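coords30.json, holding JSON, C-alpha atoms and all ligand atoms:
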[["chain", "number", "residue", "atom", "x", "y", "z"],
["A", 1, "PHE", "CA", -5.24, 18.49, -5.23],
["A", 2, "SER", "CA", -8.76, 19.77, -4.54],
["A", 3, "GLU", "CA", -9.80, 17.52, -7.41],
["A", 4, "TYR", "CA", -10.28, 14.84, -4.73],
["A", 5, "ASP", "CA", -13.51, 16.45, -3.54],
["A", 6, "GLY", "CA", -16.23, 13.89, -4.14],
["A", 7, "LYS", "CA", -13.78, 11.16, -5.18],
["A", 8, "THR", "CA", -13.85, 7.76, -3.49],
["A", 9, "VAL", "CA", -10.74, 5.89, -2.48],
["A", 10, "PHE", "CA", -10.47, 2.22, -1.39],
["A", 11, "ILE", "CA", -7.36, 1.66, 0.74],
["A", 12, "THR", "CA", -6.08, -1.62, 2.20],
["A", 13, "GLY", "CA", -3.82, -1.57, 5.24],
["A", 14, "ALA", "CA", -5.51, 1.67, 6.33],
["A", 15, "ALA", "CA", -5.29, 0.91, 10.06],
["A", 16, "SER", "CA", -1.59, 1.65, 10.46],
["A", 17, "GLY", "CA", 1.55, 3.29, 9.15],
["A", 18, "ILE", "CA", 1.63, 4.14, 5.45],
["A", 19, "GLY", "CA", -1.97, 3.06, 4.72],
["A", 20, "TYR", "CA", -3.24, 5.18, 7.61],
["A", 21, "ALA", "CA", -1.29, 8.19, 6.35],
["A", 22, "GLN", "CA", -2.59, 7.63, 2.81],
["A", 23, "ALA", "CA", -6.17, 7.45, 4.10],
["A", 24, "GLU", "CA", -5.75, 10.61, 6.12],
["A", 25, "ALA", "CA", -4.11, 12.46, 3.22],
["A", 26, "PHE", "CA", -7.06, 11.70, 0.91],
["A", 27, "LEU", "CA", -9.57, 12.55, 3.66],
["A", 28, "LYS", "CA", -7.89, 15.91, 4.24],
["A", 29, "GLN", "CA", -8.28, 16.62, 0.52],
["A", 30, "GLY", "CA", -12.02, 16.07, 0.72],
["A", 31, "ALA", "CA", -12.19, 12.52, -0.65],
["A", 32, "SER", "CA", -14.33, 9.76, 0.80],
["A", 33, "VAL", "CA", -12.22, 6.85, 1.93],
["A", 34, "PHE", "CA", -13.16, 3.20, 2.48],
["A", 35, "GLY", "CA", -10.47, 1.57, 4.63],
["A", 36, "VAL", "CA", -9.89, -2.16, 4.84],
["A", 37, "ASP", "CA", -7.64, -3.87, 7.35],
["A", 38, "GLN", "CA", -7.46, -6.83, 9.70],
["A", 39, "ASN", "CA", -6.94, -4.49, 12.62],
["A", 40, "GLU", "CA", -10.12, -2.70, 13.64],
["A", 41, "THR", "CA", -8.49, -0.35, 16.19],
["A", 42, "GLY", "CA", -6.73, 1.90, 13.69],
["A", 43, "LEU", "CA", -9.82, 1.98, 11.49],
["A", 44, "GLN", "CA", -11.94, 3.11, 14.45],
["A", 45, "VAL", "CA", -9.51, 5.96, 15.11],
["A", 46, "LEU", "CA", -9.96, 7.22, 11.54],
["A", 47, "LYS", "CA", -13.73, 6.80, 11.83],
["A", 48, "GLN", "CA", -13.78, 9.00, 14.93],
["A", 49, "ALA", "CA", -11.69, 11.67, 13.24],
["A", 50, "TYR", "CA", -13.62, 11.63, 9.94],
["A", 51, "PRO", "CA", -17.12, 10.29, 10.77],
["A", 52, "GLU", "CA", -18.74, 11.65, 7.60],
["A", 53, "THR", "CA", -16.23, 10.67, 4.97],
["A", 54, "PHE", "CA", -14.51, 7.55, 6.33],
["A", 55, "ALA", "CA", -16.07, 4.09, 6.27],
["A", 56, "PHE", "CA", -14.39, 0.74, 6.84],
["A", 57, "TRP", "CA", -14.60, -3.00, 6.80],
["A", 58, "CYS", "CA", -12.39, -5.51, 8.59],
["A", 59, "ALA", "CA", -11.02, -8.14, 6.24],
["A", 60, "ASN", "CA", -8.00, -10.28, 5.54],
["A", 61, "VAL", "CA", -6.92, -9.39, 2.01],
["A", 62, "ALA", "CA", -5.49, -12.87, 1.54],
["A", 63, "GLU", "CA", -9.00, -14.37, 1.84],
["A", 64, "LYS", "CA", -11.01, -14.07, -1.34],
["A", 65, "SER", "CA", -14.43, -14.26, 0.35],
["A", 66, "GLU", "CA", -13.47, -11.53, 2.84],
["A", 67, "VAL", "CA", -12.26, -9.27, 0.03],
["A", 68, "ALA", "CA", -15.49, -9.92, -1.89],
["A", 69, "GLU", "CA", -17.51, -8.85, 1.14],
["A", 70, "ALA", "CA", -15.36, -5.74, 1.74],
["A", 71, "VAL", "CA", -15.78, -4.59, -1.88],
["A", 72, "HIS", "CA", -19.51, -5.36, -1.70],
["A", 73, "GLN", "CA", -19.77, -3.14, 1.39],
["A", 74, "ALA", "CA", -17.79, -0.35, -0.28],
["A", 75, "LEU", "CA", -20.08, -0.42, -3.30],
["A", 76, "ARG", "CA", -23.11, -0.18, -1.00],
["A", 77, "GLU", "CA", -21.53, 2.98, 0.37],
["A", 78, "TYR", "CA", -20.49, 4.52, -2.96],
["A", 79, "VAL", "CA", -21.72, 4.38, -6.54],
["A", 80, "ARG", "CA", -18.21, 3.92, -7.76],
["A", 81, "ILE", "CA", -14.61, 3.59, -6.62],
["A", 82, "ASP", "CA", -12.28, 6.08, -8.32],
["A", 83, "ILE", "CA", -8.98, 5.17, -6.70],
["A", 84, "LEU", "CA", -7.62, 1.91, -5.31],
["A", 85, "VAL", "CA", -4.58, 1.96, -3.04],
["A", 86, "ASN", "CA", -3.17, -1.49, -2.23],
["A", 87, "THR", "CA", -1.01, -1.11, 0.86],
["A", 88, "ALA", "CA", -1.68, -4.01, 3.28],
["A", 89, "GLY", "CA", 1.51, -6.00, 3.67],
["A", 90, "ILE", "CA", 3.74, -7.90, 6.05],
["A", 91, "LEU", "CA", 7.50, -8.25, 6.52],
["A", 92, "ASP", "CA", 9.51, -11.50, 6.81],
["A", 93, "ASP", "CA", 12.01, -10.43, 9.48],
["A", 94, "TYR", "CA", 14.81, -10.35, 6.91],
["A", 95, "LYS", "CA", 15.10, -14.16, 6.79],
["A", 96, "THR", "CA", 17.30, -15.77, 4.13],
["A", 97, "THR", "CA", 15.68, -18.47, 2.04],
["A", 98, "LEU", "CA", 17.22, -21.17, 4.27],
["A", 99, "ASP", "CA", 15.48, -19.74, 7.32],
["A", 100, "THR", "CA", 12.17, -19.16, 5.52],
["A", 101, "THR", "CA", 9.65, -21.82, 6.44],
["A", 102, "GLU", "CA", 7.05, -22.73, 3.87],
["A", 103, "GLU", "CA", 4.46, -21.22, 6.21],
["A", 104, "LEU", "CA", 6.27, -17.86, 6.31],
["A", 105, "TRP", "CA", 6.71, -17.90, 2.52],
["A", 106, "ASP", "CA", 2.99, -18.55, 2.07],
["A", 107, "ASP", "CA", 1.97, -15.89, 4.60],
["A", 108, "VAL", "CA", 4.10, -13.24, 2.91],
["A", 109, "PHE", "CA", 2.96, -14.14, -0.62],
["A", 110, "ASN", "CA", -0.69, -14.58, 0.36],
["A", 111, "THR", "CA", -0.80, -11.13, 1.94],
["A", 112, "ASN", "CA", 1.57, -9.11, -0.22],
["A", 113, "VAL", "CA", 0.83, -10.60, -3.64],
["A", 114, "LYS", "CA", -2.37, -12.61, -3.60],
["A", 115, "GLY", "CA", -4.00, -9.89, -1.49],
["A", 116, "ILE", "CA", -3.39, -7.27, -4.18],
["A", 117, "TYR", "CA", -4.61, -9.71, -6.85],
["A", 118, "HIS", "CA", -7.87, -10.40, -4.98],
["A", 119, "VAL", "CA", -8.61, -6.74, -4.25],
["A", 120, "THR", "CA", -7.74, -5.64, -7.79],
["A", 121, "ASN", "CA", -9.85, -8.37, -9.37],
["A", 122, "TYR", "CA", -12.89, -7.33, -7.35],
["A", 123, "ILE", "CA", -12.52, -3.59, -7.96],
["A", 124, "LEU", "CA", -11.14, -3.38, -11.51],
["A", 125, "PRO", "CA", -14.38, -4.59, -13.19],
["A", 126, "HIS", "CA", -16.23, -1.68, -11.56],
["A", 127, "MET", "CA", -13.59, 0.79, -12.74],
["A", 128, "LEU", "CA", -13.77, -0.67, -16.25],
["A", 129, "LYS", "CA", -17.52, -0.01, -16.36],
["A", 130, "TRP", "CA", -16.76, 3.71, -16.04],
["A", 131, "GLU", "CA", -13.60, 3.40, -18.17],
["A", 132, "GLN", "CA", -11.84, 5.34, -15.46],
["A", 133, "GLY", "CA", -9.76, 4.48, -12.44],
["A", 134, "VAL", "CA", -6.42, 4.80, -10.76],
["A", 135, "ILE", "CA", -4.55, 2.07, -8.89],
["A", 136, "VAL", "CA", -1.52, 2.69, -6.69],
["A", 137, "ASN", "CA", 0.25, -0.39, -5.34],
["A", 138, "THR", "CA", 2.62, -0.16, -2.41],
["A", 139, "ALA", "CA", 5.73, -2.12, -3.36],
["A", 140, "SER", "CA", 9.06, -1.32, -1.68],
["A", 141, "ILE", "CA", 12.70, -0.72, -2.42],
["A", 142, "ALA", "CA", 12.69, -4.50, -1.89],
["A", 143, "GLY", "CA", 10.82, -4.63, -5.21],
["A", 144, "LEU", "CA", 13.81, -3.03, -6.92],
["A", 145, "VAL", "CA", 16.94, -4.22, -5.11],
["A", 146, "ALA", "CA", 18.02, -6.86, -2.59],
["A", 147, "GLY", "CA", 18.53, -6.18, 1.10],
["A", 148, "GLY", "CA", 15.27, -4.35, 1.84],
["A", 149, "GLY", "CA", 13.82, -7.53, 3.30],
["A", 150, "GLY", "CA", 14.43, -11.25, 3.36],
["A", 151, "ALA", "CA", 13.94, -13.79, 0.55],
["A", 152, "ALA", "CA", 10.14, -14.00, 0.72],
["A", 153, "TYR", "CA", 9.54, -10.27, 1.19],
["A", 154, "THR", "CA", 11.94, -9.25, -1.60],
["A", 155, "ALA", "CA", 10.45, -11.82, -3.97],
["A", 156, "SER", "CA", 6.91, -10.70, -3.08],
["A", 157, "LYS", "CA", 7.70, -7.02, -3.67],
["A", 158, "HIS", "CA", 9.36, -7.80, -7.02],
["A", 159, "ALA", "CA", 6.14, -9.66, -7.86],
["A", 160, "ILE", "CA", 4.10, -6.54, -7.06],
["A", 161, "VAL", "CA", 6.32, -4.55, -9.45],
["A", 162, "GLY", "CA", 5.72, -7.10, -12.22],
["A", 163, "TYR", "CA", 2.00, -7.24, -11.51],
["A", 164, "THR", "CA", 1.80, -3.43, -11.63],
["A", 165, "LYS", "CA", 3.50, -3.31, -15.02],
["A", 166, "GLN", "CA", 1.27, -6.03, -16.44],
["A", 167, "LEU", "CA", -1.87, -4.25, -15.20],
["A", 168, "ALA", "CA", -0.67, -1.05, -16.89],
["A", 169, "TYR", "CA", 0.08, -2.98, -20.08],
["A", 170, "ASP", "CA", -3.34, -4.62, -20.13],
["A", 171, "PHE", "CA", -5.61, -1.79, -18.95],
["A", 172, "SER", "CA", -4.07, 1.62, -19.73],
["A", 173, "ARG", "CA", -6.01, 1.83, -23.01],
["A", 174, "LYS", "CA", -9.20, 1.11, -21.08],
["A", 175, "GLY", "CA", -8.87, 4.20, -18.90],
["A", 176, "ILE", "CA", -7.15, 2.61, -15.92],
["A", 177, "ARG", "CA", -3.87, 4.06, -14.72],
["A", 178, "VAL", "CA", -1.73, 1.78, -12.55],
["A", 179, "ASN", "CA", 1.54, 2.61, -10.79],
["A", 180, "ALA", "CA", 3.53, 1.48, -7.78],
["A", 181, "ILE", "CA", 5.44, 3.28, -5.10],
["A", 182, "ALA", "CA", 8.64, 1.92, -3.62],
["A", 183, "PRO", "CA", 9.10, 3.25, -0.10],
["A", 184, "GLY", "CA", 12.47, 3.00, 1.61],
["A", 185, "ALA", "CA", 12.93, 3.43, 5.36],
["A", 186, "ILE", "CA", 9.61, 4.70, 6.63],
["A", 187, "ARG", "CA", 8.99, 5.01, 10.32],
["A", 188, "THR", "CA", 5.91, 2.85, 10.97],
["A", 189, "PRO", "CA", 4.93, 0.08, 13.41],
["A", 190, "MET", "CA", 6.32, -2.41, 10.86],
["A", 191, "ASN", "CA", 9.83, -1.21, 11.69],
["A", 192, "ALA", "CA", 9.29, -0.66, 15.42],
["A", 193, "LYS", "CA", 11.83, -3.40, 16.20],
["A", 194, "ASP", "CA", 14.61, -1.35, 14.58],
["A", 195, "PHE", "CA", 14.10, 1.38, 17.14],
["A", 196, "VAL", "CA", 14.45, -0.78, 20.27],
["A", 197, "ASN", "CA", 17.68, -1.48, 22.21],
["A", 198, "GLY", "CA", 19.10, 1.97, 21.64],
["A", 199, "GLY", "CA", 17.95, 1.98, 18.02],
["A", 200, "GLU", "CA", 21.23, 0.66, 16.64],
["A", 201, "MET", "CA", 19.52, -0.83, 13.60],
["A", 202, "ALA", "CA", 17.55, 2.37, 12.96],
["A", 203, "SER", "CA", 20.73, 4.45, 13.13],
["A", 204, "TRP", "CA", 22.47, 2.12, 10.68],
["A", 205, "VAL", "CA", 19.57, 2.45, 8.23],
["A", 206, "ALA", "CA", 19.65, 6.25, 8.49],
["A", 207, "GLU", "CA", 23.41, 6.30, 7.87],
["A", 208, "GLU", "CA", 23.08, 4.01, 4.85],
["A", 209, "THR", "CA", 20.37, 6.24, 3.35],
["A", 210, "PRO", "CA", 21.78, 9.15, 1.29],
["A", 211, "ALA", "CA", 19.15, 11.47, 2.81],
["A", 212, "GLY", "CA", 20.57, 10.49, 6.21],
["A", 213, "ARG", "CA", 17.24, 9.83, 7.87],
["A", 214, "TRP", "CA", 14.06, 7.79, 8.00],
["A", 215, "ALA", "CA", 10.90, 9.19, 6.41],
["A", 216, "GLU", "CA", 7.49, 9.71, 7.92],
["A", 217, "PRO", "CA", 4.52, 7.85, 6.37],
["A", 218, "GLU", "CA", 3.08, 11.18, 5.23],
["A", 219, "GLU", "CA", 5.98, 11.51, 2.80],
["A", 220, "VAL", "CA", 4.77, 8.34, 1.07],
["A", 221, "ALA", "CA", 1.19, 9.58, 1.20],
["A", 222, "ASN", "CA", 2.26, 12.74, -0.68],
["A", 223, "LEU", "CA", 3.46, 10.67, -3.65],
["A", 224, "THR", "CA", 0.28, 8.62, -3.52],
["A", 225, "LEU", "CA", -1.83, 11.79, -3.78],
["A", 226, "TYR", "CA", 0.24, 12.92, -6.74],
["A", 227, "LEU", "CA", 0.08, 9.58, -8.58],
["A", 228, "ALA", "CA", -3.66, 9.40, -8.10],
["A", 229, "SER", "CA", -4.16, 12.93, -9.44],
["A", 230, "SER", "CA", -4.71, 14.06, -13.03],
["A", 231, "ALA", "CA", -1.32, 15.81, -12.84],
["A", 232, "ALA", "CA", 0.16, 12.32, -13.15],
["A", 233, "GLY", "CA", -2.02, 11.50, -16.17],
["A", 234, "TYR", "CA", 0.84, 10.28, -18.38],
["A", 235, "ILE", "CA", 2.50, 8.13, -15.70],
["A", 236, "HIS", "CA", 1.59, 4.50, -16.39],
["A", 237, "GLY", "CA", 3.22, 1.36, -15.01],
["A", 238, "ALA", "CA", 5.93, 3.29, -13.18],
["A", 239, "VAL", "CA", 7.56, 2.25, -9.94],
["A", 240, "ILE", "CA", 8.61, 5.37, -8.09],
["A", 241, "PRO", "CA", 10.93, 5.23, -5.08],
["A", 242, "VAL", "CA", 10.37, 7.37, -1.99],
["A", 243, "ASP", "CA", 13.56, 6.16, -0.43],
["A", 244, "GLY", "CA", 15.83, 9.08, 0.44],
["A", 245, "GLY", "CA", 18.15, 7.87, -2.31],
["A", 246, "TRP", "CA", 18.56, 4.29, -1.03],
["A", 247, "THR", "CA", 18.39, 2.78, -4.53],
["A", 248, "VAL", "CA", 21.02, 5.07, -6.10],
["A", 249, "LYS", "CA", 23.70, 2.69, -4.82],
["A", 301, "LIG", "P1", 2.20, -1.45, 9.19],
["A", 301, "LIG", "O1", 2.47, -2.76, 9.82],
["A", 301, "LIG", "O2", 2.25, -0.22, 10.03],
["A", 301, "LIG", "O3", 0.82, -1.47, 8.41],
["A", 301, "LIG", "C1", 0.42, -2.56, 7.64],
["A", 301, "LIG", "C2", -1.07, -2.70, 7.78],
["A", 301, "LIG", "O4", -1.50, -3.78, 6.93],
["A", 301, "LIG", "C3", -1.51, -3.06, 9.20],
["A", 301, "LIG", "O5", -2.55, -2.22, 9.62],
["A", 301, "LIG", "C4", -1.95, -4.51, 9.09],
["A", 301, "LIG", "O6", -2.98, -4.86, 10.01],
["A", 301, "LIG", "C5", -2.41, -4.57, 7.65],
["A", 301, "LIG", "N1", -2.40, -5.94, 7.15],
["A", 301, "LIG", "C6", -1.37, -6.82, 7.18],
["A", 301, "LIG", "N2", -1.75, -7.99, 6.65],
["A", 301, "LIG", "C7", -3.06, -7.85, 6.30],
["A", 301, "LIG", "C8", -4.01, -8.72, 5.72],
["A", 301, "LIG", "N3", -3.71, -9.99, 5.40],
["A", 301, "LIG", "N4", -5.26, -8.25, 5.49],
["A", 301, "LIG", "C9", -5.59, -6.99, 5.84],
["A", 301, "LIG", "N5", -4.73, -6.12, 6.39],
["A", 301, "LIG", "C10", -3.48, -6.56, 6.63],
["A", 301, "LIG", "O7", 3.28, -1.35, 8.02],
["A", 301, "LIG", "P2", 3.64, -0.17, 7.00],
["A", 301, "LIG", "O8", 5.06, 0.12, 7.20],
["A", 301, "LIG", "O9", 2.66, 0.91, 7.03],
["A", 301, "LIG", "O10", 3.51, -0.99, 5.65],
["A", 301, "LIG", "C11", 2.53, -0.72, 4.66],
["A", 301, "LIG", "C12", 3.03, -1.22, 3.33],
["A", 301, "LIG", "O11", 4.20, -0.51, 2.98],
["A", 301, "LIG", "C13", 3.41, -2.71, 3.31],
["A", 301, "LIG", "O12", 3.01, -3.28, 2.09],
["A", 301, "LIG", "C14", 4.92, -2.67, 3.42],
["A", 301, "LIG", "O13", 5.51, -3.81, 2.84],
["A", 301, "LIG", "C15", 5.22, -1.42, 2.63],
["A", 301, "LIG", "N6", 6.51, -0.82, 2.90],
["A", 301, "LIG", "C16", 6.83, -0.34, 4.14],
["A", 301, "LIG", "C17", 8.09, 0.22, 4.35],
["A", 301, "LIG", "C18", 8.51, 0.78, 5.67],
["A", 301, "LIG", "O14", 9.69, 1.14, 5.83],
["A", 301, "LIG", "N7", 7.64, 0.91, 6.64],
["A", 301, "LIG", "C19", 9.02, 0.26, 3.30],
["A", 301, "LIG", "C20", 8.66, -0.25, 2.05],
["A", 301, "LIG", "C21", 7.40, -0.78, 1.86]]
Starting from the file, lay out its structure as C-alpha cells.
Ligand code: NAD
Amino acid sequence: FSEYDGKTVFITGAASGIGYAQAEAFLKQGASVFGVDQNETGLQVLKQAYPETFAFWCANVAEKSEVAEAVHQALREYVRIDILVNTAGILDDYKTTLDTTEELWDDVFNTNVKGIYHVTNYILPHMLKWEQGVIVNTASIAGLVAGGGGAAYTASKHAIVGYTKQLAYDFSRKGIRVNAIAPGAIRTPMNAKDFVNGGEMASWVAEETPAGRWAEPEEVANLTLYLASSAAGYIHGAVIPVDGGWTVK
C-alpha cells in the first residue's frame, strides 16, 4: 500500500482503540494523518511517535462548531484531505429500550450518527472540489444484526450503514468512494469491562465467535487500509464485517 505516501487522512476517534490503530497503520504506510478526538492523551502519544506526519485537534464530533474548527485546522495543515475515516463512537452498555434514558439515546445518536454527519459535511465539499476522495465509516456488527449492543447503539449503527449507502448512491459518480466496516469483538478500551471479574463475558464472546477469539484493533485497521486503497476501487457502499464470523449465524 505504498500508494499512501503523500496522502492525507482525517481520522476521528484516533486517541484510542480502533481509531488509534487506523491512524498508526496509515502513518506506517507513509501517509500524513490528522487525528481528532475528545481525549488529548492518546493523540499526544501518536504525536510523540510520529512528530512529522501526525497532527491533531481536540474536538467533540457531536458539536458542529468544534468539527468546523477541526476541519479548518486540518485544511491549514494540508492542501487537501484524501481519506476520511469516521471512527469516534460510544457504546450504550447493552441497555434495552426500556432502560435507555432519553439522555443516553441522545448521547449515542449525537456521537455515533450526528458526529459522522457533521464531519462528512465539512470534509466532503473539499473532496468534491478535487473530484476524488475515500470515506470509511466505522459501523459495527450491531449495524447488521441485533445483540451487538443495546437499543440505542444498534439503532445508531444501523443508521451509519444506511448513511454510508446513501452517500455512495449520491456521490460515487462524483469521484467519492464510501464504505463501512463492521467490526465484531475487538479488544479495545471500549470493551475493557468484559475483561474484568475473571473475564467471563470476554470468554463468552470468544466462544460465540466462530473464529473463537477476539480481534486486535490492527485487524480492523488492515481492512481500512485496503478499503481506502485503489485496489478497492470498485467497492462502493459496501459494509464489510471484520467479525471472526459472528454474523454468519
Ligand atoms: P474506544 O473507546 O477505544 O475509542 C473510541 C474513541 O472515540 C475514544 O478515543 C473516544 O475519546 C472517542 N470519542 C468518543 N466520543 C467522541 C466524541 N463525541 N467526539 C470525539 N471523540 C469521541 O473504542 P473502540 O472500540 O476503538 O471504538 C471505535 C469505533 O469502533 C466506535 O465507533 C465503536 O462503536 C466501533 N466498534 C467497536 C467494536 C469493538 O469491539 N471495540 C466493535 C464494533 C464497532
Atom CA of A:Glu52 to atom CA of A:Val71, distance in Å rounded to a single decimal: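 About the pair atom CA of A:Glu52 and atom CA of A:Val71: they are 19.0 Å apart.
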Within 12 Å of (-6.2, 1.7, -22.3), only C-alpha atoms: residues as a ChimeraX atom specification? /A:128,131-134,167-178,234,236-237
Got a sec: who's within 6 Å of stretch 32-42 of chain A, counting all atoms listed in the file, leaving out chain neighbours fewer than 4 positions off, as a list in words?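 My list of contacting residues is Thr8, Val9, Phe10, Ile11, Thr12, Gly13, Ala14, Ala15, Thr53, Phe54, Ala55, Phe56, Trp57, Cys58, Ala59 and Asn60 of chain A.
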Within-6 Å shell of (8.5, -12.6, 0.6) in input frame, only C-alpha atoms, as a PyMOL selection string: chain A and resi 105+108-109+151-156
Surrounding residues as a ChimeraX atom specification, ligand LIG 301 (chain A), max 7 Å, all atoms listed in the file: /A:12-19,36-39,59-62,87-91,111-112,115,138-141,182-191
Can you measure atom CA of A:Met201 to atom CA of A:Gly245 for me? One decimal in Å is fine.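 Value for the atom CA of A:Met201-atom CA of A:Gly245 distance: 18.2 Å.
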Using all atoms listed in the file, find each residue in stretch 18-84 of chain A having at least one atom no more than 8 Å away from stretch 222-231 of chain A; report its shortest atom-to-atom pair and that distance in Å (one decimal), rows by chain then rising number, as a tab-separated table.
residue	atom	partner	partner_atom	distance
A:Gln22	CA	A:Thr224	CA	7.0
A:Ala25	CA	A:Leu225	CA	7.4
A:Phe26	CA	A:Leu225	CA	7.0
A:Ile83	CA	A:Ala228	CA	6.9
With C-alpha atoms retained, export the selected residues as a short mmCIF file (atom, residue, chain, number, x, y, z; two decimals), in the frame of the given file.
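After the write, result.cif holds the following:
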data_model
loop_
_atom_site.label_atom_id
_atom_site.label_comp_id
_atom_site.auth_asym_id
_atom_site.auth_seq_id
_atom_site.Cartn_x
_atom_site.Cartn_y
_atom_site.Cartn_z
CA GLN A 22 -2.59 7.63 2.81
CA ALA A 25 -4.11 12.46 3.22
CA PHE A 26 -7.06 11.70 0.91
CA ILE A 83 -8.98 5.17 -6.70
#
